[in-house]
Amino acid sequence: MTILDFNLETVGQAGQVPKFIYFNTNDTIAEVTTAGYLNKFVEQGNQLNETDMAVVVTRTTPNSRAAQVAILEVSFSGGNWSFVPTGSPGSVVLPTIASHIATYTNTTGTLSEDAATAINGGNIQAGLSGTAGYLASFPATAARGSLRLVGAVSVGNTVTQITNASQAAARVYTIPDGGQSASSFLLTDSGTTQTIATGNLALSAGSFTASGAITSTAGNITSGSSGDAGTFISFPATAANGTLIVAAANAGGAFNTTVSNGTMGQSSVISIPDPGAATANFLLDTGAGNIIAKQQFVGINDVLTFGTGTWTTTRVAQGNYVSRHTAGDETSIIAIDITPAIVAAASKGFRLDSFDYIYSIATLAMDAHSATLDRIAYANNVAVSVTSVPITATLATATQANPYLTNCTVTTPAFDVTADSKYVLEITANNAATTDYDFYGIMLRFSQTVA
């Protein structure tokens, strides 16, 4: 504090209230109006009264030569002697800061600045036609940016207005980070196409409704999330006529199921037929889902040849017929023609998985008993191709009272995709002199695809 000179007793003011006193200082108005500024001055024996008015010459900056004059009151409060701005009608609370907006602090016209709330009974305008202006709001933490409302150039002299709808309660609306230097809001009604060029649009609760088309130009549309089910629902043009729903079910693991098209030669509409049941499945061109397990009986009339010996069709009982070998020590080869449904594409058509051979042995055990399976393929002016198909077939030789049913398995079942081909099963029956051997038939167990 530097008081250069002062005058406490002006001629002709003896006993006058208020009394004017005069101060000249190197301090600024902000320093002069600091609480306790006059404490040291009073401690030095100078007499002041709270009714005194002071004409103070201050400096615009500390110790500068540029001066300004202020009329202040002498105040004693809280043990401090101070200069305070006068409170007369129309006065200004000092010091002021350049470019700050002045507001009234009372009803008698006292002006100050940086009020907690500044109110204007009409409109507030930033800038004017041809001169840019913006409204800026700063957060409580320093150096953390600001929120600006800035007018941009329009095609014509038009007004863009932001307003609220009727609110049922107090609301706080947050502008999310667009992740880009420039982003746009999505509108409920727009005359142009609005696009989210990058990133995703997520709805964590509720539903998303659109009266027009929804297009994702460079990304996916996802319904639901891991652990939260979501569906896609499409309505037809006619009311009360059901919907088409695409809904994911548990896949038993983190497996994705993709429905996609192949290469198309034309625009196509593929319809889902009515299955006639509450639940049904699609048939697929590949995979286990399109494979149907079938059985087919090959009886005595479908045998190519019974081979050596005398074979007689015999009625064992009602509905029970066999081809019976007349007892004799001889070996017969029974050949059964198996003609599959050929589809010349991978994993299509007919796949022989196993077969059940039904036969009986009586009176005396056989000397030997076996089966072989071959694939026979034909081609023009080419030797007939005979390819052995490995099987596991252990046929019985001992006698028993009732027929045998022996399952014979194909070691590596495969779809027959060879053109002009078939299977031939051969049973070698090596009978003893008095063996009674009956052939009932073969039950084919095979898989077939629907192509």
# chains A, B, ... in the order shown; residues from 1 in each chain; ligands from 1
>>> residues_around(residues="range 417-430 of chain A", least_positions_apart="6", cutoff="6 Å", atoms="only C-alpha atoms", output="NGL selection string")
:A and (331-339 or 342-344 or 367-378)
>>> residues_around(residues="range 13-20 of chain A", least_positions_apart="6", cutoff="6 Å", atoms="only C-alpha atoms", output="list of chain:residue names")
A:Thr51, A:Asp52, A:Met53, A:Ala54
>>> write_last_selection(atoms="N, CA and C atoms", output="compact mmCIF listing (two decimals), in the first residue's frame")
# COMPACT_ATOMS: atom_id res chain seq x y z
N THR A 51 -18.57 8.53 8.42
CA THR A 51 -19.37 9.47 7.63
C THR A 51 -18.53 10.18 6.58
N ASP A 52 -17.21 9.89 6.55
CA ASP A 52 -16.33 10.56 5.60
C ASP A 52 -16.54 10.02 4.18
N MET A 53 -16.44 10.94 3.22
CA MET A 53 -16.40 10.59 1.82
C MET A 53 -15.00 10.91 1.31
N ALA A 54 -14.47 10.05 0.43
CA ALA A 54 -13.09 10.22 -0.02
C ALA A 54 -13.04 10.38 -1.52
>>> residues_around(residues="range 213-224 of chain A", least_positions_apart="4", cutoff="12 Å", atoms="only C-alpha atoms", output="PyMOL selection string")
chain A and resi 193-209+228-234+245-248
>>> atom_distance(atom1="CA of Leu94 in chain A", atom2="CA of Phe6 in chain A")
21.0 Å
>>> residues_around(residues="Ile272 in chain A", least_positions_apart="2", cutoff="12 Å", atoms="only C-alpha atoms", output="ChimeraX atom specification")
/A:244,269-270,274-276,280-283
>>> write_last_selection(atoms="C-alpha atoms", output="CSV table (one decimal), in the first residue's frame")
chain,number,residue,atom,x,y,z
A,244,LEU,CA,-42.9,-62.5,-40.6
A,269,VAL,CA,-39.0,-64.0,-54.8
A,270,ILE,CA,-38.6,-67.1,-52.6
A,274,ASP,CA,-47.3,-73.5,-45.4
A,275,PRO,CA,-45.9,-76.6,-43.5
A,276,GLY,CA,-49.4,-77.5,-42.2
A,280,ALA,CA,-41.4,-77.3,-39.1
A,281,ASN,CA,-37.9,-77.3,-40.5
A,282,PHE,CA,-36.3,-76.2,-43.8
A,283,LEU,CA,-34.6,-78.9,-46.0
>>> residues_around(residues="range 189-191 of chain A", least_positions_apart="5", cutoff="12 Å", atoms="only C-alpha atoms", output="list in words")
Ala210, Ser211 and Gly212 of chain A
>>> residues_around(residues="range 147-161 of chain A", least_positions_apart="5", cutoff="12 Å", atoms="only C-alpha atoms", output="MDAnalysis selection string")
chainID A and resid 125:139 174:175
>>> select_by_dssp(residues="range 47-273 of chain A", states="strand (DSSP E)", output="VMD selection string")
chain A and resid 53 to 59 67 to 77 80 to 85 102 to 104 111 to 113 134 to 137 147 to 150 231 to 234 244 to 247
>>> residues_around(residues="Thr326 in chain A", least_positions_apart="5", cutoff="8 Å", atoms="only C-alpha atoms", output="short mmCIF file (atom, residue, chain, number, x, y, z; two decimals) with N, CA and C atoms, in the first residue's frame")
data_model
loop_
_atom_site.label_atom_id
_atom_site.label_comp_id
_atom_site.auth_asym_id
_atom_site.auth_seq_id
_atom_site.Cartn_x
_atom_site.Cartn_y
_atom_site.Cartn_z
N GLY A 309 -27.03 -124.82 -56.57
CA GLY A 309 -28.00 -125.57 -55.80
C GLY A 309 -29.42 -125.28 -56.23
N THR A 310 -30.30 -125.97 -55.49
CA THR A 310 -31.72 -125.82 -55.77
C THR A 310 -32.33 -124.91 -54.72
N TRP A 311 -33.00 -123.87 -55.17
CA TRP A 311 -33.63 -122.90 -54.28
C TRP A 311 -35.12 -122.88 -54.61
N THR A 312 -35.93 -122.93 -53.56
CA THR A 312 -37.38 -123.01 -53.74
C THR A 312 -38.06 -121.97 -52.86
N ASP A 436 -29.93 -126.86 -43.48
CA ASP A 436 -31.14 -126.21 -44.01
C ASP A 436 -30.92 -124.71 -43.94
N TYR A 437 -30.88 -124.06 -45.09
CA TYR A 437 -30.55 -122.62 -45.15
C TYR A 437 -31.69 -121.88 -45.84
#
>>> atom_distance(atom1="CA of His325 in chain A", atom2="CA of Pro340 in chain A")
28.5 Å
